[in-house]
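Structure file run.pdb (PDB, C-alpha atoms, pLDDT in the B column) follows.
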ATOM      1  CA  MET A  13     -16.254 -16.295   0.544  1.00 43.00           C
ATOM      2  CA  ILE A  14     -14.975 -18.640  -2.177  1.00 43.00           C
ATOM      3  CA  ILE A  15     -15.255 -17.376  -5.760  1.00 46.00           C
ATOM      4  CA  THR A  16     -14.191 -19.510  -8.680  1.00 49.00           C
ATOM      5  CA  TYR A  17     -12.636 -16.868 -10.933  1.00 56.00           C
ATOM      6  CA  LEU A  18      -9.175 -17.518  -9.473  1.00 59.00           C
ATOM      7  CA  SER A  19      -6.891 -20.074 -11.057  1.00 57.00           C
ATOM      8  CA  ALA A  20      -3.876 -21.987  -9.751  1.00 50.00           C
ATOM      9  CA  PRO A  21      -1.937 -21.272  -7.619  1.00 54.00           C
ATOM     10  CA  PHE A  22      -4.546 -18.911  -6.088  1.00 51.00           C
ATOM     11  CA  CYS A  23      -7.676 -21.062  -6.338  1.00 57.00           C
ATOM     12  CA  ASN A  24      -7.784 -21.959  -2.620  1.00 63.00           C
ATOM     13  CA  ILE A  25      -7.546 -18.486  -1.112  1.00 70.00           C
ATOM     14  CA  GLN A  26     -10.368 -16.657   0.622  1.00 75.00           C
ATOM     15  CA  VAL A  27     -11.551 -14.023  -1.855  1.00 85.00           C
ATOM     16  CA  GLN A  28     -12.639 -10.588  -0.627  1.00 90.00           C
ATOM     17  CA  HIS A  29     -14.110  -8.986  -3.751  1.00 94.00           C
ATOM     18  CA  SER A  30     -16.136 -10.011  -6.788  1.00 93.00           C
ATOM     19  CA  LEU A  31     -14.659 -10.129 -10.260  1.00 93.00           C
ATOM     20  CA  GLU A  32     -17.106  -7.433 -11.357  1.00 95.00           C
ATOM     21  CA  ARG A  33     -15.705  -5.003  -8.796  1.00 96.00           C
ATOM     22  CA  TRP A  34     -12.135  -5.816  -9.698  1.00 96.00           C
ATOM     23  CA  LEU A  35     -12.789  -5.201 -13.383  1.00 96.00           C
ATOM     24  CA  LEU A  36     -14.233  -1.768 -12.650  1.00 97.00           C
ATOM     25  CA  TRP A  37     -11.207  -0.898 -10.506  1.00 98.00           C
ATOM     26  CA  VAL A  38      -8.768  -2.231 -13.104  1.00 97.00           C
ATOM     27  CA  GLU A  39     -10.448  -0.181 -15.838  1.00 97.00           C
ATOM     28  CA  GLU A  40     -10.109   3.008 -13.787  1.00 97.00           C
ATOM     29  CA  LEU A  41      -6.491   2.181 -12.904  1.00 97.00           C
ATOM     30  CA  ALA A  42      -5.671   1.671 -16.588  1.00 96.00           C
ATOM     31  CA  GLU A  43      -7.376   4.911 -17.602  1.00 96.00           C
ATOM     32  CA  ASN A  44      -6.158   7.244 -14.831  1.00 96.00           C
ATOM     33  CA  ASP A  45      -3.029   5.482 -13.489  1.00 97.00           C
ATOM     34  CA  TYR A  46      -4.701   5.316 -10.065  1.00 98.00           C
ATOM     35  CA  VAL A  47      -7.946   4.219  -8.435  1.00 98.00           C
ATOM     36  CA  ILE A  48      -9.392   4.957  -4.976  1.00 98.00           C
ATOM     37  CA  ILE A  49     -11.461   2.179  -3.405  1.00 98.00           C
ATOM     38  CA  ASP A  50     -13.589   2.659  -0.293  1.00 98.00           C
ATOM     39  CA  ASP A  51     -14.346  -0.266   2.051  1.00 98.00           C
ATOM     40  CA  PHE A  52     -11.541  -2.320   0.534  1.00 98.00           C
ATOM     41  CA  LEU A  53     -11.263  -4.190   3.845  1.00 98.00           C
ATOM     42  CA  ASP A  54     -14.153  -5.854   5.604  1.00 97.00           C
ATOM     43  CA  GLU A  55     -14.620  -5.168   9.300  1.00 97.00           C
ATOM     44  CA  GLU A  56     -13.052  -8.427  10.500  1.00 97.00           C
ATOM     45  CA  LEU A  57      -9.854  -7.977   8.498  1.00 97.00           C
ATOM     46  CA  PHE A  58      -9.652  -4.305   9.415  1.00 98.00           C
ATOM     47  CA  ARG A  59      -9.767  -5.215  13.125  1.00 98.00           C
ATOM     48  CA  LYS A  60      -7.076  -7.869  12.700  1.00 98.00           C
ATOM     49  CA  ILE A  61      -4.755  -5.411  10.981  1.00 98.00           C
ATOM     50  CA  MET A  62      -5.434  -2.732  13.608  1.00 98.00           C
ATOM     51  CA  ALA A  63      -4.655  -5.187  16.413  1.00 98.00           C
ATOM     52  CA  HIS A  64      -1.461  -6.294  14.657  1.00 98.00           C
ATOM     53  CA  CYS A  65      -0.415  -2.673  14.205  1.00 98.00           C
ATOM     54  CA  SER A  66      -1.022  -1.833  17.865  1.00 97.00           C
ATOM     55  CA  ARG A  67       0.838  -4.934  19.044  1.00 97.00           C
ATOM     56  CA  HIS A  68       3.928  -4.126  16.991  1.00 97.00           C
ATOM     57  CA  LEU A  69       4.000  -0.358  17.419  1.00 96.00           C
ATOM     58  CA  PRO A  70       7.109  -0.580  19.670  1.00 96.00           C
ATOM     59  CA  ASP A  71       8.892  -2.374  16.796  1.00 96.00           C
ATOM     60  CA  PHE A  72       8.444   0.432  14.253  1.00 97.00           C
ATOM     61  CA  THR A  73      11.688   2.066  13.069  1.00 94.00           C
ATOM     62  CA  GLN A  74      12.470   5.332  11.318  1.00 89.00           C
ATOM     63  CA  ALA A  75      11.938   5.056   7.556  1.00 82.00           C
ATOM     64  CA  GLY A  76      14.496   6.213   5.021  1.00 59.00           C
ATOM     65  CA  ILE A  77      14.789   6.983   1.331  1.00 58.00           C
ATOM     66  CA  GLY A  78      16.788   5.398  -1.477  1.00 51.00           C
ATOM     67  CA  SER A  79      17.944   1.838  -2.062  1.00 51.00           C
ATOM     68  CA  LEU A  80      20.935  -0.162  -0.882  1.00 46.00           C
ATOM     69  CA  GLY A  81      24.029   2.084  -0.927  1.00 48.00           C
ATOM     70  CA  ASP A  82      21.879   5.190  -1.412  1.00 51.00           C
ATOM     71  CA  PHE A  83      19.701   4.500   1.635  1.00 44.00           C
ATOM     72  CA  THR A  84      19.592   7.441   4.076  1.00 50.00           C
ATOM     73  CA  ILE A  85      17.306   8.730   6.808  1.00 42.00           C
ATOM     74  CA  GLN A  86      16.186  12.292   6.077  1.00 50.00           C
ATOM     75  CA  GLU A  87      13.312  13.363   8.286  1.00 55.00           C
ATOM     76  CA  GLY A  88      13.131  16.654   6.369  1.00 63.00           C
ATOM     77  CA  ILE A  89      11.888  14.600   3.408  1.00 75.00           C
ATOM     78  CA  ARG A  90      10.250  11.585   5.029  1.00 81.00           C
ATOM     79  CA  GLY A  91       9.158  11.361   8.643  1.00 84.00           C
ATOM     80  CA  ASP A  92       7.224   8.108   8.995  1.00 93.00           C
ATOM     81  CA  ARG A  93       8.125   5.011  10.980  1.00 95.00           C
ATOM     82  CA  THR A  94       7.586   1.542   9.549  1.00 96.00           C
ATOM     83  CA  TYR A  95       7.274  -2.113  10.469  1.00 97.00           C
ATOM     84  CA  TRP A  96       7.989  -4.505   7.575  1.00 97.00           C
ATOM     85  CA  LEU A  97       5.681  -7.498   7.292  1.00 98.00           C
ATOM     86  CA  GLU A  98       6.678 -11.070   6.484  1.00 97.00           C
ATOM     87  CA  ARG A  99       4.271 -13.815   5.433  1.00 95.00           C
ATOM     88  CA  SER A 100       6.111 -16.494   7.385  1.00 96.00           C
ATOM     89  CA  ARG A 101       6.127 -14.436  10.594  1.00 97.00           C
ATOM     90  CA  ASP A 102       2.919 -12.394  10.471  1.00 97.00           C
ATOM     91  CA  ILE A 103       0.652 -15.416  10.123  1.00 96.00           C
ATOM     92  CA  ASP A 104      -2.280 -13.796  11.936  1.00 96.00           C
ATOM     93  CA  LEU A 105      -2.668 -11.635   8.797  1.00 97.00           C
ATOM     94  CA  ARG A 106      -3.480 -14.660   6.610  1.00 95.00           C
ATOM     95  CA  ALA A 107      -6.628 -12.965   5.270  1.00 95.00           C
ATOM     96  CA  PHE A 108      -4.576  -9.957   4.228  1.00 97.00           C
ATOM     97  CA  TRP A 109      -2.037 -12.112   2.395  1.00 97.00           C
ATOM     98  CA  ASP A 110      -4.962 -13.778   0.609  1.00 95.00           C
ATOM     99  CA  LEU A 111      -6.144 -10.324  -0.461  1.00 97.00           C
ATOM    100  CA  VAL A 112      -2.672  -9.533  -1.803  1.00 97.00           C
ATOM    101  CA  ASP A 113      -2.665 -12.773  -3.798  1.00 95.00           C
ATOM    102  CA  GLU A 114      -6.117 -11.923  -5.101  1.00 95.00           C
ATOM    103  CA  ALA A 115      -4.815  -8.561  -6.326  1.00 97.00           C
ATOM    104  CA  ILE A 116      -1.764 -10.189  -7.941  1.00 96.00           C
ATOM    105  CA  HIS A 117      -3.983 -12.648  -9.813  1.00 94.00           C
ATOM    106  CA  ILE A 118      -6.221  -9.858 -11.102  1.00 95.00           C
ATOM    107  CA  MET A 119      -3.326  -7.628 -12.179  1.00 95.00           C
ATOM    108  CA  ASN A 120      -1.595 -10.458 -14.002  1.00 94.00           C
ATOM    109  CA  ARG A 121      -4.675 -11.791 -15.752  1.00 93.00           C
ATOM    110  CA  TYR A 122      -6.461  -8.575 -16.666  1.00 93.00           C
ATOM    111  CA  CYS A 123      -3.634  -6.020 -16.835  1.00 92.00           C
ATOM    112  CA  TYR A 124      -1.191  -8.462 -18.458  1.00 91.00           C
ATOM    113  CA  LEU A 125       1.456  -7.756 -15.833  1.00 92.00           C
ATOM    114  CA  SER A 126       4.073 -10.231 -14.624  1.00 92.00           C
ATOM    115  CA  ILE A 127       3.842  -9.675 -10.890  1.00 95.00           C
ATOM    116  CA  SER A 128       5.625 -12.385  -8.950  1.00 92.00           C
ATOM    117  CA  ASP A 129       5.970 -11.033  -5.405  1.00 94.00           C
ATOM    118  CA  SER A 130       5.056  -8.255  -3.010  1.00 96.00           C
ATOM    119  CA  GLU A 131       6.423  -6.277  -0.079  1.00 95.00           C
ATOM    120  CA  PHE A 132       4.404  -4.493   2.598  1.00 98.00           C
ATOM    121  CA  HIS A 133       4.919  -2.516   5.754  1.00 97.00           C
ATOM    122  CA  LEU A 134       2.783  -0.825   8.365  1.00 98.00           C
ATOM    123  CA  ALA A 135       3.447   2.911   8.442  1.00 97.00           C
ATOM    124  CA  HIS A 136       2.988   5.438  11.239  1.00 97.00           C
ATOM    125  CA  TYR A 137       3.162   9.170  10.583  1.00 97.00           C
ATOM    126  CA  PRO A 138       3.423  10.928  13.964  1.00 96.00           C
ATOM    127  CA  LYS A 139       2.051  14.440  14.364  1.00 96.00           C
ATOM    128  CA  GLY A 140       4.169  16.867  12.323  1.00 96.00           C
ATOM    129  CA  SER A 141       5.565  14.256   9.914  1.00 95.00           C
ATOM    130  CA  PHE A 142       5.133  14.071   6.137  1.00 95.00           C
ATOM    131  CA  TYR A 143       6.697  12.617   2.970  1.00 93.00           C
ATOM    132  CA  ASP A 144       7.700  14.988   0.180  1.00 94.00           C
ATOM    133  CA  ARG A 145       6.811  14.434  -3.476  1.00 94.00           C
ATOM    134  CA  HIS A 146       8.339  11.246  -4.876  1.00 93.00           C
ATOM    135  CA  LEU A 147       7.876   8.172  -7.057  1.00 93.00           C
ATOM    136  CA  ASP A 148       7.723   4.665  -5.591  1.00 92.00           C
ATOM    137  CA  GLN A 149      10.633   3.631  -7.763  1.00 83.00           C
ATOM    138  CA  PHE A 150      14.423   3.689  -7.558  1.00 72.00           C
ATOM    139  CA  ALA A 151      17.023   4.266 -10.267  1.00 65.00           C
ATOM    140  CA  GLY A 152      18.841   1.065  -9.299  1.00 65.00           C
ATOM    141  CA  ARG A 153      15.793  -1.010  -8.386  1.00 69.00           C
ATOM    142  CA  ASN A 154      12.762  -0.689 -10.630  1.00 78.00           C
ATOM    143  CA  ASN A 155      10.673  -3.775  -9.865  1.00 88.00           C
ATOM    144  CA  ARG A 156       7.788  -2.003  -8.111  1.00 93.00           C
ATOM    145  CA  MET A 157       4.808  -2.075 -10.481  1.00 95.00           C
ATOM    146  CA  ILE A 158       1.647  -1.298  -8.454  1.00 97.00           C
ATOM    147  CA  SER A 159       1.573   0.652  -5.193  1.00 98.00           C
ATOM    148  CA  MET A 160      -1.114  -0.212  -2.644  1.00 98.00           C
ATOM    149  CA  VAL A 161      -1.939   2.017   0.329  1.00 98.00           C
ATOM    150  CA  ILE A 162      -4.651   0.900   2.780  1.00 98.00           C
ATOM    151  CA  TYR A 163      -5.649   3.425   5.445  1.00 98.00           C
ATOM    152  CA  LEU A 164      -6.241   2.525   9.079  1.00 98.00           C
ATOM    153  CA  ASN A 165      -7.475   5.835  10.524  1.00 98.00           C
ATOM    154  CA  GLU A 166     -10.764   5.604  12.371  1.00 96.00           C
ATOM    155  CA  LEU A 167     -12.591   8.859  13.083  1.00 94.00           C
ATOM    156  CA  TRP A 168     -10.351  10.817  10.694  1.00 97.00           C
ATOM    157  CA  GLN A 169     -11.706  14.333  10.121  1.00 97.00           C
ATOM    158  CA  PRO A 170     -10.743  17.227   7.830  1.00 97.00           C
ATOM    159  CA  GLY A 171      -7.902  19.074   9.497  1.00 97.00           C
ATOM    160  CA  ASP A 172      -6.270  15.908  10.834  1.00 98.00           C
ATOM    161  CA  GLY A 173      -3.826  15.959   7.900  1.00 98.00           C
ATOM    162  CA  GLY A 174      -1.909  13.056   6.431  1.00 98.00           C
ATOM    163  CA  GLU A 175      -3.734  13.145   3.096  1.00 98.00           C
ATOM    164  CA  LEU A 176      -2.237  11.560  -0.002  1.00 98.00           C
ATOM    165  CA  GLU A 177      -1.717  14.064  -2.813  1.00 98.00           C
ATOM    166  CA  ILE A 178      -1.519  12.520  -6.275  1.00 98.00           C
ATOM    167  CA  PHE A 179      -0.001  14.792  -8.909  1.00 97.00           C
ATOM    168  CA  ARG A 180      -1.486  14.942 -12.394  1.00 92.00           C
ATOM    169  CA  ASP A 181      -0.250  16.821 -15.460  1.00 89.00           C
ATOM    170  CA  ASP A 182      -1.935  20.105 -14.598  1.00 89.00           C
ATOM    171  CA  ASP A 183      -3.353  19.609 -11.120  1.00 95.00           C
ATOM    172  CA  SER A 184      -3.461  17.179  -8.219  1.00 97.00           C
ATOM    173  CA  VAL A 185      -5.931  14.972  -6.382  1.00 97.00           C
ATOM    174  CA  ILE A 186      -6.228  14.918  -2.579  1.00 98.00           C
ATOM    175  CA  VAL A 187      -7.102  11.551  -1.030  1.00 98.00           C
ATOM    176  CA  GLU A 188      -8.330  11.569   2.563  1.00 98.00           C
ATOM    177  CA  PRO A 189      -6.813   8.689   4.604  1.00 98.00           C
ATOM    178  CA  LEU A 190     -10.120   7.186   5.705  1.00 98.00           C
ATOM    179  CA  ALA A 191     -10.241   3.799   7.412  1.00 98.00           C
ATOM    180  CA  LYS A 192     -10.554   0.826   5.015  1.00 98.00           C
ATOM    181  CA  ARG A 193      -9.884   3.035   1.960  1.00 98.00           C
ATOM    182  CA  CYS A 194      -7.320   1.754  -0.558  1.00 98.00           C
ATOM    183  CA  ALA A 195      -5.314   3.710  -3.122  1.00 98.00           C
ATOM    184  CA  LEU A 196      -3.852   1.709  -6.008  1.00 98.00           C
ATOM    185  CA  PHE A 197      -1.539   3.431  -8.475  1.00 98.00           C
ATOM    186  CA  LYS A 198       1.242   2.752 -10.963  1.00 96.00           C
ATOM    187  CA  SER A 199       4.473   2.930  -8.992  1.00 95.00           C
ATOM    188  CA  ALA A 200       6.699   4.312 -11.760  1.00 93.00           C
ATOM    189  CA  ASP A 201       4.199   6.803 -13.186  1.00 95.00           C
ATOM    190  CA  VAL A 202       2.390   8.552 -10.326  1.00 97.00           C
ATOM    191  CA  PRO A 203       4.235  11.263  -8.360  1.00 97.00           C
ATOM    192  CA  HIS A 204       2.681  11.729  -4.938  1.00 97.00           C
ATOM    193  CA  GLN A 205       3.294  12.987  -1.436  1.00 97.00           C
ATOM    194  CA  VAL A 206       1.906  12.585   2.064  1.00 97.00           C
ATOM    195  CA  LEU A 207       0.812  15.906   3.511  1.00 98.00           C
ATOM    196  CA  MET A 208       1.745  16.819   7.065  1.00 97.00           C
ATOM    197  CA  ALA A 209      -0.085  14.791   9.693  1.00 98.00           C
ATOM    198  CA  HIS A 210      -1.653  16.796  12.505  1.00 98.00           C
ATOM    199  CA  LYS A 211      -2.396  13.648  14.501  1.00 97.00           C
ATOM    200  CA  ASN A 212      -1.181  10.051  14.334  1.00 97.00           C
ATOM    201  CA  ARG A 213      -1.785   8.627  10.864  1.00 97.00           C
ATOM    202  CA  PHE A 214      -1.526   4.905  10.043  1.00 98.00           C
ATOM    203  CA  SER A 215      -1.542   2.868   6.860  1.00 98.00           C
ATOM    204  CA  LEU A 216      -0.623  -0.524   5.468  1.00 98.00           C
ATOM    205  CA  THR A 217       1.508   0.253   2.435  1.00 98.00           C
ATOM    206  CA  GLY A 218       3.165  -1.960  -0.118  1.00 97.00           C
ATOM    207  CA  TRP A 219       4.037  -2.836  -3.675  1.00 96.00           C
ATOM    208  CA  LEU A 220       3.291  -5.575  -6.154  1.00 97.00           C
ATOM    209  CA  LEU A 221       6.630  -6.531  -7.685  1.00 95.00           C
ATOM    210  CA  TYR A 222       7.837  -7.600 -11.101  1.00 88.00           C
ATOM    211  CA  GLN A 223      10.704  -9.553  -9.545  1.00 71.00           C
ATOM    212  CA  PRO A 224      10.991 -11.238  -6.138  1.00 66.00           C
ATOM    213  CA  VAL A 225      11.471  -9.014  -3.136  1.00 60.00           C
ATOM    214  CA  GLY A 226      14.909  -8.496  -1.652  1.00 54.00           C
ATOM    215  CA  LEU A 227      15.560  -6.992   1.748  1.00 42.00           C
ATOM    216  CA  GLY A 228      12.686  -4.553   1.647  1.00 43.00           C
ATOM    217  CA  GLN A 229      13.432  -2.906   4.978  1.00 38.00           C
ATOM    218  CA  PHE A 230      16.721  -1.664   3.537  1.00 39.00           C
ATOM    219  CA  LEU A 231      15.206  -0.476   0.277  1.00 42.00           C
ATOM    220  CA  GLY A 232      13.062   2.496   1.244  1.00 42.00           C
TER     221      GLY A 232
END

Taking this structure as input, can you express it in the form of structure tokens?
Amino acid sequence: MIITYLSAPFCNIQVQHSLERWLLWVEELAENDYVIIDDFLDEELFRKIMAHCSRHLPDFTQAGIGSLGDFTIQEGIRGDRTYWLERSRDIDLRAFWDLVDEAIHIMNRYCYLSISDSEFHLAHYPKGSFYDRHLDQFAGRNNRMISMVIYLNELWQPGDGGELEIFRDDDSVIVEPLAKRCALFKSADVPHQVLMAHKNRFSLTGWLLYQPVGLGQFLG
């Protein structure tokens, strides 16, 4: 659908969500540092992303931690495999890129951020893999502002594992990785981990950036 709340250069994109919904989500994000959104993807876009993920599964590579010279692969800390997306190459995900631009517009206009770019990858956690507690930020590269995790797990059930655990001051919140669910949180402020997956667990994960993206696949 076309909604007129977007301004240049985003006014021609296909909008997924109403302004009213975005403002509720932004308010919760500002108050709690995170927000969980169910049915963030419509069925058509979900199917396109699932098909893209299946088609490129042989191209996934082992993920690492750290940035640039500090980049290492440590499966005892992080065990997922990733496939980095590119707008110019992954053109069949046009509707997803429109959704990213929609989010950037909202964050800039209503959260007074200065987001200018994004980076995203598909992530696969095989059975037995996990990602220990961490922040989505690096000491030498601090341009990640908002983290976005969209889950792709149909028929997920308790016991399947792969939940997101968000750490608070005195406790934590467990987020089940249900299909079409989105977790948005402040990259520099929200410690989190991915609990051990007991079956294949998939997501589309990325970051809204303060400065243009570099070589994301080498930056964790």

message: Just want the 10 Å neighbourhood of A:Leu220, counted on all atoms listed in the file, with same-chain residues fewer than 2 positions away dropped. Output as a list in words.
response: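 What passes the distance filter is Val112, Asp113, Ala115, Ile116, Met119, Ser126, Ile127, Ser128, Asp129, Ser130, Glu131, Phe132, Asn155, Arg156, Met157, Ile158, Ser159, Met160, Lys198, Ser199, Gly218, Tyr222, Gln223, Pro224 and Val225 of chain A.
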
task: Please evaluate the PyMOL selection byres ((chain A and resi 179-186) around 7) against the displayed coordinates and give the resulting residues as a PyMOL selection string.
output: chain A and resi 175-178+187-188+202-204

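Closest approach to A:Thr217 among A:Arg59, A:His136, A:Arg99, A:His64 is made by A:His136 (distances from all atoms listed in the file).
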
field: Shortest interatomic distance to A:Glu32 - which of A:Leu111, A:Leu147, A:Leu105, A:Ile118, counting all atoms listed in the file
entry: A:Ile118

task: Convert the output of the PyMOL selection byres ((chain A and resi 210-213) around 9) on the shown file into explicit residues, formatted as a PyMOL selection string.
output: chain A and resi 135-141+163-165+168+171-174+189+208-209+214-215

Nearest to A:Val206, chosen from A:Asp110, A:Asp54, A:Asp144, A:Asp45, with all atoms listed in the file counted in the distances: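 Smallest separation from A:Val206 among the options: A:Asp144.
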